>>> print(open('start_10.cif').read())   # mmCIF, C-alpha atoms, pLDDT in the B column; chains and numbers go by the auth columns
data_run
#
loop_
_atom_site.group_PDB
_atom_site.id
_atom_site.type_symbol
_atom_site.label_atom_id
_atom_site.label_comp_id
_atom_site.label_asym_id
_atom_site.label_seq_id
_atom_site.Cartn_x
_atom_site.Cartn_y
_atom_site.Cartn_z
_atom_site.B_iso_or_equiv
_atom_site.auth_seq_id
_atom_site.auth_asym_id
ATOM 1 C CA MET A 1 -20.841 55.723 -26.424 79.00 1 A
ATOM 2 C CA GLY A 2 -21.281 52.013 -27.047 90.00 2 A
ATOM 3 C CA ARG A 3 -22.717 50.685 -30.292 96.00 3 A
ATOM 4 C CA THR A 4 -26.100 49.054 -29.739 98.00 4 A
ATOM 5 C CA ILE A 5 -26.828 46.053 -31.964 98.00 5 A
ATOM 6 C CA ALA A 6 -30.190 44.274 -31.996 98.00 6 A
ATOM 7 C CA ILE A 7 -30.059 40.596 -32.983 97.00 7 A
ATOM 8 C CA ALA A 8 -33.405 40.015 -34.655 95.00 8 A
ATOM 9 C CA ASN A 9 -35.339 37.592 -36.805 91.00 9 A
ATOM 10 C CA GLN A 10 -39.018 36.795 -36.277 86.00 10 A
ATOM 11 C CA LYS A 11 -38.423 33.199 -37.357 84.00 11 A
ATOM 12 C CA GLY A 12 -37.605 30.879 -34.486 84.00 12 A
ATOM 13 C CA GLY A 13 -34.760 28.393 -34.593 85.00 13 A
ATOM 14 C CA VAL A 14 -32.401 30.455 -36.749 89.00 14 A
ATOM 15 C CA GLY A 15 -29.593 30.819 -34.202 91.00 15 A
ATOM 16 C CA LYS A 16 -30.619 34.263 -32.968 95.00 16 A
ATOM 17 C CA THR A 17 -29.881 33.728 -29.273 96.00 17 A
ATOM 18 C CA THR A 18 -26.825 31.602 -30.079 97.00 18 A
ATOM 19 C CA THR A 19 -25.524 34.553 -32.086 97.00 19 A
ATOM 20 C CA ALA A 20 -26.332 37.126 -29.384 98.00 20 A
ATOM 21 C CA VAL A 21 -24.553 35.102 -26.693 98.00 21 A
ATOM 22 C CA ASN A 22 -21.526 33.989 -28.678 98.00 22 A
ATOM 23 C CA LEU A 23 -20.924 37.210 -30.592 98.00 23 A
ATOM 24 C CA GLY A 24 -21.185 39.150 -27.325 98.00 24 A
ATOM 25 C CA ALA A 25 -18.831 36.724 -25.592 98.00 25 A
ATOM 26 C CA SER A 26 -16.328 36.838 -28.472 98.00 26 A
ATOM 27 C CA LEU A 27 -16.271 40.643 -28.441 98.00 27 A
ATOM 28 C CA ALA A 28 -15.776 40.567 -24.659 98.00 28 A
ATOM 29 C CA ALA A 29 -12.987 37.989 -24.934 96.00 29 A
ATOM 30 C CA ASP A 30 -11.249 40.436 -27.268 95.00 30 A
ATOM 31 C CA GLY A 31 -11.267 43.032 -24.493 95.00 31 A
ATOM 32 C CA ARG A 32 -14.473 44.919 -25.321 97.00 32 A
ATOM 33 C CA ARG A 33 -16.930 45.784 -22.571 98.00 33 A
ATOM 34 C CA VAL A 34 -20.206 44.200 -23.637 98.00 34 A
ATOM 35 C CA LEU A 35 -23.714 44.315 -22.170 98.00 35 A
ATOM 36 C CA LEU A 36 -26.024 41.508 -23.303 98.00 36 A
ATOM 37 C CA VAL A 37 -29.626 42.736 -22.997 98.00 37 A
ATOM 38 C CA ASP A 38 -32.142 39.870 -22.931 97.00 38 A
ATOM 39 C CA ILE A 39 -35.620 41.012 -24.002 96.00 39 A
ATOM 40 C CA ASP A 40 -36.742 37.561 -25.142 95.00 40 A
ATOM 41 C CA PRO A 41 -39.241 36.203 -22.565 94.00 41 A
ATOM 42 C CA GLN A 42 -37.752 32.716 -23.026 94.00 42 A
ATOM 43 C CA GLY A 43 -34.636 34.019 -21.255 95.00 43 A
ATOM 44 C CA ASN A 44 -32.252 31.765 -23.164 96.00 44 A
ATOM 45 C CA ALA A 45 -29.568 34.429 -23.608 97.00 45 A
ATOM 46 C CA SER A 46 -29.524 34.951 -19.843 97.00 46 A
ATOM 47 C CA SER A 47 -29.192 31.243 -19.053 96.00 47 A
ATOM 48 C CA GLY A 48 -26.637 30.927 -21.848 97.00 48 A
ATOM 49 C CA VAL A 49 -24.238 33.131 -19.867 97.00 49 A
ATOM 50 C CA GLY A 50 -25.004 31.489 -16.531 96.00 50 A
ATOM 51 C CA VAL A 51 -27.923 33.595 -15.256 95.00 51 A
ATOM 52 C CA PRO A 52 -31.094 31.483 -15.582 90.00 52 A
ATOM 53 C CA MET A 53 -34.476 33.115 -14.985 84.00 53 A
ATOM 54 C CA ALA A 54 -34.945 31.099 -11.795 78.00 54 A
ATOM 55 C CA GLU A 55 -32.030 33.070 -10.345 78.00 55 A
ATOM 56 C CA SER A 56 -33.313 36.431 -11.635 76.00 56 A
ATOM 57 C CA PRO A 57 -36.183 37.657 -9.466 82.00 57 A
ATOM 58 C CA VAL A 58 -35.807 40.975 -11.288 89.00 58 A
ATOM 59 C CA GLY A 59 -34.622 41.712 -14.793 94.00 59 A
ATOM 60 C CA VAL A 60 -35.160 43.974 -17.784 95.00 60 A
ATOM 61 C CA TYR A 61 -38.934 43.912 -17.241 94.00 61 A
ATOM 62 C CA GLU A 62 -38.814 46.021 -14.080 94.00 62 A
ATOM 63 C CA PRO A 63 -37.063 49.110 -15.505 95.00 63 A
ATOM 64 C CA LEU A 64 -39.054 48.723 -18.748 94.00 64 A
ATOM 65 C CA VAL A 65 -42.276 49.354 -16.839 91.00 65 A
ATOM 66 C CA GLY A 66 -40.795 52.035 -14.597 90.00 66 A
ATOM 67 C CA HIS A 67 -39.613 50.078 -11.548 91.00 67 A
ATOM 68 C CA GLY A 68 -35.961 50.955 -10.885 92.00 68 A
ATOM 69 C CA THR A 69 -33.144 51.381 -13.385 95.00 69 A
ATOM 70 C CA LEU A 70 -31.311 49.022 -15.709 96.00 70 A
ATOM 71 C CA GLN A 71 -28.190 49.437 -13.583 95.00 71 A
ATOM 72 C CA ASP A 72 -30.108 47.767 -10.735 94.00 72 A
ATOM 73 C CA VAL A 73 -30.472 44.488 -12.664 96.00 73 A
ATOM 74 C CA ILE A 74 -27.188 44.154 -14.577 97.00 74 A
ATOM 75 C CA ARG A 75 -25.246 41.031 -13.558 96.00 75 A
ATOM 76 C CA PRO A 76 -21.634 39.916 -14.157 97.00 76 A
ATOM 77 C CA THR A 77 -20.764 36.725 -16.051 97.00 77 A
ATOM 78 C CA ALA A 78 -17.802 34.361 -16.127 97.00 78 A
ATOM 79 C CA ILE A 79 -16.142 36.605 -18.719 97.00 79 A
ATOM 80 C CA GLU A 80 -14.761 39.679 -16.967 96.00 80 A
ATOM 81 C CA THR A 81 -15.940 42.239 -19.518 98.00 81 A
ATOM 82 C CA LEU A 82 -19.280 40.589 -20.396 98.00 82 A
ATOM 83 C CA PHE A 83 -22.355 41.647 -18.427 98.00 83 A
ATOM 84 C CA VAL A 84 -26.022 40.707 -18.771 98.00 84 A
ATOM 85 C CA ALA A 85 -29.300 42.497 -18.165 97.00 85 A
ATOM 86 C CA PRO A 86 -31.328 39.300 -17.750 96.00 86 A
ATOM 87 C CA ALA A 87 -34.879 38.354 -18.606 95.00 87 A
ATOM 88 C CA SER A 88 -37.241 37.490 -15.772 88.00 88 A
ATOM 89 C CA ARG A 89 -40.571 35.640 -15.776 86.00 89 A
ATOM 90 C CA ASP A 90 -42.641 38.841 -15.824 89.00 90 A
ATOM 91 C CA LEU A 91 -41.153 39.801 -19.197 90.00 91 A
ATOM 92 C CA ALA A 92 -43.681 37.464 -20.855 86.00 92 A
ATOM 93 C CA GLY A 93 -46.432 40.047 -20.340 88.00 93 A
ATOM 94 C CA ALA A 94 -44.359 43.082 -21.221 88.00 94 A
ATOM 95 C CA ALA A 95 -45.361 43.288 -24.909 84.00 95 A
ATOM 96 C CA LEU A 96 -49.010 43.800 -23.960 86.00 96 A
ATOM 97 C CA GLU A 97 -48.185 46.186 -21.118 89.00 97 A
ATOM 98 C CA LEU A 98 -45.920 48.338 -23.292 89.00 98 A
ATOM 99 C CA ALA A 99 -48.689 48.635 -25.883 85.00 99 A
ATOM 100 C CA ASN A 100 -50.778 50.410 -23.239 87.00 100 A
ATOM 101 C CA ILE A 101 -48.029 52.700 -21.911 87.00 101 A
ATOM 102 C CA GLU A 102 -47.508 56.128 -23.445 86.00 102 A
ATOM 103 C CA GLY A 103 -44.244 56.041 -25.383 89.00 103 A
ATOM 104 C CA GLY A 104 -44.167 52.267 -25.020 91.00 104 A
ATOM 105 C CA HIS A 105 -42.137 51.884 -28.226 91.00 105 A
ATOM 106 C CA THR A 106 -39.187 53.787 -26.737 94.00 106 A
ATOM 107 C CA ARG A 107 -39.008 52.424 -23.189 96.00 107 A
ATOM 108 C CA LEU A 108 -35.950 50.253 -23.848 97.00 108 A
ATOM 109 C CA GLN A 109 -34.126 53.174 -25.435 97.00 109 A
ATOM 110 C CA GLY A 110 -34.854 55.239 -22.335 96.00 110 A
ATOM 111 C CA ILE A 111 -33.435 52.690 -19.899 96.00 111 A
ATOM 112 C CA LEU A 112 -30.355 51.967 -22.044 97.00 112 A
ATOM 113 C CA ASP A 113 -29.342 55.607 -22.538 96.00 113 A
ATOM 114 C CA PRO A 114 -27.877 56.089 -19.015 96.00 114 A
ATOM 115 C CA VAL A 115 -25.533 53.077 -19.356 97.00 115 A
ATOM 116 C CA ARG A 116 -24.461 53.232 -23.021 96.00 116 A
ATOM 117 C CA ASP A 117 -21.197 55.037 -22.335 96.00 117 A
ATOM 118 C CA GLN A 118 -20.112 52.255 -19.936 97.00 118 A
ATOM 119 C CA TYR A 119 -19.842 49.681 -22.744 98.00 119 A
ATOM 120 C CA ASP A 120 -18.263 49.283 -26.159 97.00 120 A
ATOM 121 C CA TYR A 121 -21.189 47.168 -27.365 98.00 121 A
ATOM 122 C CA LEU A 122 -24.733 46.574 -26.185 98.00 122 A
ATOM 123 C CA VAL A 123 -26.152 43.414 -27.776 98.00 123 A
ATOM 124 C CA ILE A 124 -29.944 43.046 -27.613 98.00 124 A
ATOM 125 C CA ASP A 125 -31.432 39.565 -27.972 98.00 125 A
ATOM 126 C CA CYS A 126 -34.911 40.181 -29.417 96.00 126 A
ATOM 127 C CA PRO A 127 -37.840 37.714 -29.272 93.00 127 A
ATOM 128 C CA PRO A 128 -38.574 35.484 -32.300 90.00 128 A
ATOM 129 C CA SER A 129 -41.548 37.672 -33.246 86.00 129 A
ATOM 130 C CA LEU A 130 -42.302 41.176 -34.487 85.00 130 A
ATOM 131 C CA ASP A 131 -44.072 42.305 -31.305 89.00 131 A
ATOM 132 C CA MET A 132 -43.675 45.382 -29.106 92.00 132 A
ATOM 133 C CA LEU A 133 -40.528 44.014 -27.468 94.00 133 A
ATOM 134 C CA THR A 134 -38.785 43.572 -30.834 94.00 134 A
ATOM 135 C CA VAL A 135 -39.906 47.052 -31.908 94.00 135 A
ATOM 136 C CA ASN A 136 -38.378 48.357 -28.662 95.00 136 A
ATOM 137 C CA GLY A 137 -35.136 46.568 -29.507 97.00 137 A
ATOM 138 C CA LEU A 138 -35.020 48.057 -32.997 96.00 138 A
ATOM 139 C CA THR A 139 -35.925 51.512 -31.706 96.00 139 A
ATOM 140 C CA ALA A 140 -33.112 51.407 -29.137 97.00 140 A
ATOM 141 C CA ALA A 141 -30.487 50.055 -31.556 98.00 141 A
ATOM 142 C CA ASP A 142 -27.957 51.724 -33.803 97.00 142 A
ATOM 143 C CA ALA A 143 -28.028 48.677 -36.059 97.00 143 A
ATOM 144 C CA VAL A 144 -29.649 45.281 -36.499 97.00 144 A
ATOM 145 C CA LEU A 145 -27.786 42.042 -37.172 97.00 145 A
ATOM 146 C CA ILE A 146 -29.927 39.368 -38.823 95.00 146 A
ATOM 147 C CA PRO A 147 -29.125 35.661 -38.430 95.00 147 A
ATOM 148 C CA VAL A 148 -30.445 33.689 -41.405 91.00 148 A
ATOM 149 C CA GLN A 149 -30.635 29.924 -41.411 86.00 149 A
ATOM 150 C CA CYS A 150 -29.653 28.256 -44.661 78.00 150 A
ATOM 151 C CA GLU A 151 -33.119 26.895 -45.439 78.00 151 A
ATOM 152 C CA TYR A 152 -35.776 27.164 -48.160 72.00 152 A
ATOM 153 C CA TYR A 153 -37.918 29.858 -46.481 73.00 153 A
ATOM 154 C CA ALA A 154 -35.014 32.086 -45.471 71.00 154 A
ATOM 155 C CA LEU A 155 -35.764 34.916 -47.912 73.00 155 A
ATOM 156 C CA GLU A 156 -39.479 34.933 -47.114 73.00 156 A
ATOM 157 C CA GLY A 157 -38.829 35.552 -43.421 74.00 157 A
ATOM 158 C CA LEU A 158 -36.121 38.057 -44.213 83.00 158 A
ATOM 159 C CA SER A 159 -38.429 40.204 -46.348 82.00 159 A
ATOM 160 C CA LYS A 160 -40.951 40.543 -43.496 83.00 160 A
ATOM 161 C CA LEU A 161 -38.247 41.600 -41.064 87.00 161 A
ATOM 162 C CA LEU A 162 -36.878 44.157 -43.515 89.00 162 A
ATOM 163 C CA GLU A 163 -40.369 45.678 -43.809 90.00 163 A
ATOM 164 C CA THR A 164 -40.479 46.069 -40.026 89.00 164 A
ATOM 165 C CA ILE A 165 -36.999 47.596 -39.957 93.00 165 A
ATOM 166 C CA GLU A 166 -38.067 50.114 -42.591 94.00 166 A
ATOM 167 C CA MET A 167 -41.182 50.959 -40.593 92.00 167 A
ATOM 168 C CA VAL A 168 -39.169 51.517 -37.430 93.00 168 A
ATOM 169 C CA ARG A 169 -36.618 53.604 -39.325 95.00 169 A
ATOM 170 C CA ASP A 170 -39.355 55.824 -40.801 95.00 170 A
ATOM 171 C CA ALA A 171 -41.408 56.276 -37.634 94.00 171 A
ATOM 172 C CA LEU A 172 -39.176 55.777 -34.607 93.00 172 A
ATOM 173 C CA ASN A 173 -35.444 55.488 -35.259 96.00 173 A
ATOM 174 C CA ALA A 174 -33.988 57.184 -38.323 96.00 174 A
ATOM 175 C CA ARG A 175 -30.413 56.117 -37.407 95.00 175 A
ATOM 176 C CA LEU A 176 -31.178 52.378 -37.576 96.00 176 A
ATOM 177 C CA GLU A 177 -28.810 50.578 -39.947 95.00 177 A
ATOM 178 C CA ILE A 178 -28.528 46.979 -41.068 94.00 178 A
ATOM 179 C CA GLU A 179 -25.278 45.790 -39.497 95.00 179 A
ATOM 180 C CA GLY A 180 -25.385 42.741 -41.676 94.00 180 A
ATOM 181 C CA ILE A 181 -26.821 39.322 -42.386 95.00 181 A
ATOM 182 C CA VAL A 182 -25.032 36.273 -41.000 95.00 182 A
ATOM 183 C CA PHE A 183 -25.677 32.741 -42.196 92.00 183 A
ATOM 184 C CA THR A 184 -26.192 30.172 -39.441 93.00 184 A
ATOM 185 C CA MET A 185 -26.334 26.364 -39.361 89.00 185 A
ATOM 186 C CA TYR A 186 -24.373 26.302 -42.604 85.00 186 A
ATOM 187 C CA ASP A 187 -23.613 22.845 -43.964 82.00 187 A
ATOM 188 C CA PRO A 188 -21.229 22.934 -46.961 78.00 188 A
ATOM 189 C CA ARG A 189 -22.298 19.397 -47.952 80.00 189 A
ATOM 190 C CA ASN A 190 -25.877 20.565 -48.493 75.00 190 A
ATOM 191 C CA ASN A 191 -26.750 21.945 -51.936 77.00 191 A
ATOM 192 C CA LEU A 192 -29.636 23.947 -50.463 76.00 192 A
ATOM 193 C CA SER A 193 -27.212 25.805 -48.182 75.00 193 A
ATOM 194 C CA HIS A 194 -25.195 26.899 -51.213 80.00 194 A
ATOM 195 C CA GLN A 195 -28.356 28.001 -53.060 82.00 195 A
ATOM 196 C CA VAL A 196 -29.622 30.087 -50.127 80.00 196 A
ATOM 197 C CA VAL A 197 -26.228 31.742 -49.690 83.00 197 A
ATOM 198 C CA GLN A 198 -26.033 32.628 -53.379 84.00 198 A
ATOM 199 C CA GLU A 199 -29.577 34.006 -53.433 81.00 199 A
ATOM 200 C CA VAL A 200 -29.199 36.164 -50.322 83.00 200 A
ATOM 201 C CA ARG A 201 -25.781 37.444 -51.426 83.00 201 A
ATOM 202 C CA GLY A 202 -27.302 38.298 -54.785 82.00 202 A
ATOM 203 C CA HIS A 203 -29.958 40.445 -53.105 79.00 203 A
ATOM 204 C CA PHE A 204 -27.901 42.080 -50.357 83.00 204 A
ATOM 205 C CA VAL A 205 -24.283 41.958 -51.592 81.00 205 A
ATOM 206 C CA ASP A 206 -22.159 43.949 -49.096 86.00 206 A
ATOM 207 C CA LYS A 207 -24.642 43.511 -46.237 91.00 207 A
ATOM 208 C CA VAL A 208 -23.797 39.812 -45.903 93.00 208 A
ATOM 209 C CA PHE A 209 -20.964 38.798 -43.565 96.00 209 A
ATOM 210 C CA GLU A 210 -18.257 36.620 -45.083 94.00 210 A
ATOM 211 C CA THR A 211 -18.158 34.571 -41.868 96.00 211 A
ATOM 212 C CA MET A 212 -20.709 31.746 -41.809 94.00 212 A
ATOM 213 C CA ILE A 213 -21.680 29.843 -38.671 95.00 213 A
ATOM 214 C CA PRO A 214 -21.584 26.069 -39.206 93.00 214 A
ATOM 215 C CA ARG A 215 -23.790 23.416 -37.711 91.00 215 A
ATOM 216 C CA ASN A 216 -21.781 22.431 -34.656 93.00 216 A
ATOM 217 C CA ILE A 217 -22.620 20.155 -31.741 94.00 217 A
ATOM 218 C CA ARG A 218 -20.533 22.228 -29.304 95.00 218 A
ATOM 219 C CA LEU A 219 -22.684 25.301 -30.024 94.00 219 A
ATOM 220 C CA SER A 220 -25.743 23.197 -29.175 94.00 220 A
ATOM 221 C CA GLU A 221 -24.248 21.760 -25.988 96.00 221 A
ATOM 222 C CA ALA A 222 -22.795 24.929 -24.448 96.00 222 A
ATOM 223 C CA PRO A 223 -26.110 26.516 -23.283 95.00 223 A
ATOM 224 C CA SER A 224 -26.935 23.490 -21.114 95.00 224 A
ATOM 225 C CA PHE A 225 -23.749 24.282 -19.169 95.00 225 A
ATOM 226 C CA GLY A 226 -24.637 27.990 -18.890 96.00 226 A
ATOM 227 C CA GLN A 227 -21.611 28.985 -20.924 97.00 227 A
ATOM 228 C CA PRO A 228 -20.838 30.716 -24.205 97.00 228 A
ATOM 229 C CA CYS A 229 -19.149 28.265 -26.545 97.00 229 A
ATOM 230 C CA ILE A 230 -15.748 29.952 -26.198 96.00 230 A
ATOM 231 C CA LEU A 231 -15.723 28.917 -22.521 96.00 231 A
ATOM 232 C CA TYR A 232 -17.177 25.469 -23.171 96.00 232 A
ATOM 233 C CA ASP A 233 -14.840 24.558 -26.030 96.00 233 A
ATOM 234 C CA MET A 234 -12.660 27.336 -27.411 95.00 234 A
ATOM 235 C CA ALA A 235 -11.188 25.100 -30.133 97.00 235 A
ATOM 236 C CA SER A 236 -14.539 24.038 -31.621 97.00 236 A
ATOM 237 C CA ARG A 237 -15.595 25.191 -35.073 96.00 237 A
ATOM 238 C CA GLY A 238 -18.558 26.961 -33.514 95.00 238 A
ATOM 239 C CA SER A 239 -16.372 29.012 -31.168 97.00 239 A
ATOM 240 C CA GLN A 240 -13.887 29.856 -33.864 97.00 240 A
ATOM 241 C CA SER A 241 -16.625 30.989 -36.257 97.00 241 A
ATOM 242 C CA TYR A 242 -18.029 33.456 -33.705 98.00 242 A
ATOM 243 C CA ILE A 243 -14.553 34.749 -32.895 97.00 243 A
ATOM 244 C CA GLN A 244 -14.102 35.325 -36.630 98.00 244 A
ATOM 245 C CA LEU A 245 -17.527 37.025 -36.847 98.00 245 A
ATOM 246 C CA ALA A 246 -16.596 39.379 -34.004 98.00 246 A
ATOM 247 C CA ARG A 247 -13.356 40.298 -35.770 97.00 247 A
ATOM 248 C CA GLU A 248 -15.193 40.872 -39.048 97.00 248 A
ATOM 249 C CA LEU A 249 -17.713 43.093 -37.263 96.00 249 A
ATOM 250 C CA GLU A 250 -14.916 45.139 -35.721 95.00 250 A
ATOM 251 C CA SER A 251 -13.017 45.432 -39.001 93.00 251 A
ATOM 252 C CA ARG A 252 -16.164 46.628 -40.790 88.00 252 A
ATOM 253 C CA ARG A 253 -16.587 49.353 -38.186 83.00 253 A
ATOM 254 C CA ALA A 254 -12.955 50.405 -38.512 80.00 254 A
ATOM 255 C CA ALA A 255 -13.143 50.594 -42.330 72.00 255 A
#
>>> encode(input="start_10.cif", output="structure tokens")
Amino acid sequence: MGRTIAIANQKGGVGKTTTAVNLGASLAADGRRVLLVDIDPQGNASSGVGVPMAESPVGVYEPLVGHGTLQDVIRPTAIETLFVAPASRDLAGAALELANIEGGHTRLQGILDPVRDQYDYLVIDCPPSLDMLTVNGLTAADAVLIPVQCEYYALEGLSKLLETIEMVRDALNARLEIEGIVFTMYDPRNNLSHQVVQEVRGHFVDKVFETMIPRNIRLSEAPSFGQPCILYDMASRGSQSYIQLARELESRRAA
């Protein structure tokens, strides 16, 4: 059965979707079968692999509220072993709808269960909030990977997310682990970046990935072409850092 990893941080602009898309693509490029599950109403993970919301009349929303199955909406991408369950426009109202549905916290888990054994990894791109959709992502996941931007308020946002993870673990999903924390938008010339890294490593030690994702223009450009960075520019520092992150993730699992 595939390992389900939620990519989550309630702070916007920390590289969450960039990490979901490029980690998923890097794992797929290494021969793993990967399903990218886009539960962020902005739909950026979907468009980042070439499936914009305008081309997705149906998506994750429909099976979430009981219309069809997830298998009905899964789409291929330009990478042979990378698939996407895309967001659609109706997903914007799903958080409120799920709050009024019995068992609304576990709907994503229910629609993922029938397809888990078809993939090595299921990567869930959560919204930049701690709403019902994110709780669904955490409830459905085996583990959560947390992108942290190297900025002053990084630890403050991280503490709130960790409280939510603990709540979900206690009430809804006892198996939920922290896969790790990955630093994004790292600039080695910036003293603040070094300070944030040292502080977070001091708190979380072995939960922090050695791989750090640099600020990189190619990572910023790739989504506008509907491509993961490894297709847009394999040689870029951004691509290479996500390839390294995927390998580190795999080696941690094998250890």
>>> residues_around(input="start_10.cif", residues="range 141-157 of chain A", least_positions_apart="4", cutoff="9 Å", atoms="all atoms listed in the file", output="JSON, numbers by chain")
{"A": [3, 4, 5, 6, 7, 8, 9, 10, 11, 13, 14, 15, 16, 19, 109, 122, 123, 124, 136, 137, 161, 162, 165, 173, 175, 176, 177, 178, 179, 180, 181, 182, 183, 184, 185, 186, 187, 192, 193, 194, 195, 196, 197, 199, 200]}
>>> atom_distance(input="start_10.cif", atom1="CA of Pro128 in chain A", atom2="CA of Thr17 in chain A")
9.4 Å
>>> resolve_selection(input="start_10.cif", expression="the PyMOL selection byres ((chain A and resi 85) around 10)", output="list in words")
Leu35, Leu36, Val37, Asp38, Ile39, Ala45, Ser46, Val51, Ser56, Val58, Gly59, Val60, Tyr61, Leu70, Gln71, Asp72, Val73, Ile74, Arg75, Pro76, Phe83, Val84, Pro86, Ala87, Ser88 and Ile124 of chain A
>>> resolve_selection(input="start_10.cif", expression="the PyMOL selection byres ((chain A and resi 23-27) around 9)", output="ChimeraX atom specification")
/A:18-22,28-36,49,79,81-82,121-123,228-231,239,242-247,250
>>> closest_residue(input="start_10.cif", among="A:Pro114, A:Pro127, A:Gly2, A:Pro41", to="Ala92 in chain A", atoms="only C-alpha atoms")
A:Pro41
>>> closest_residue(input="start_10.cif", among="A:His67, A:Arg237, A:Arg107, A:Lys160", to="Ser220 in chain A", atoms="only C-alpha atoms")
A:Arg237
>>> atom_distance(input="start_10.cif", atom1="CA of His105 in chain A", atom2="CA of Val135 in chain A")
6.5 Å
>>> atom_distance(input="start_10.cif", atom1="CA of Thr139 in chain A", atom2="CA of Thr106 in chain A")
6.4 Å
>>> closest_residue(input="start_10.cif", among="A:Gly66, A:Gln118, A:Thr164, A:Ala171", to="Glu97 in chain A", atoms="all atoms listed in the file")
A:Gly66
>>> closest_residue(input="start_10.cif", among="A:Met1, A:Leu138, A:Leu158, A:Thr77", to="Asp113 in chain A", atoms="all atoms listed in the file")
A:Met1
>>> resolve_selection(input="start_10.cif", expression="the PyMOL selection byres ((chain A and resi 238) around 7)", output="PyMOL selection string")
chain A and resi 213-214+216+218-219+236-237+239-242
>>> closest_residue(input="start_10.cif", among="A:Leu64, A:Met212, A:Ala235, A:Met132", to="Gly110 in chain A", atoms="only C-alpha atoms")
A:Leu64
>>> residues_around(input="start_10.cif", residues="Ala94 in chain A", least_positions_apart="4", cutoff="8 Å", atoms="only C-alpha atoms", output="VMD selection string")
chain A and resid 61 65 90 98 133
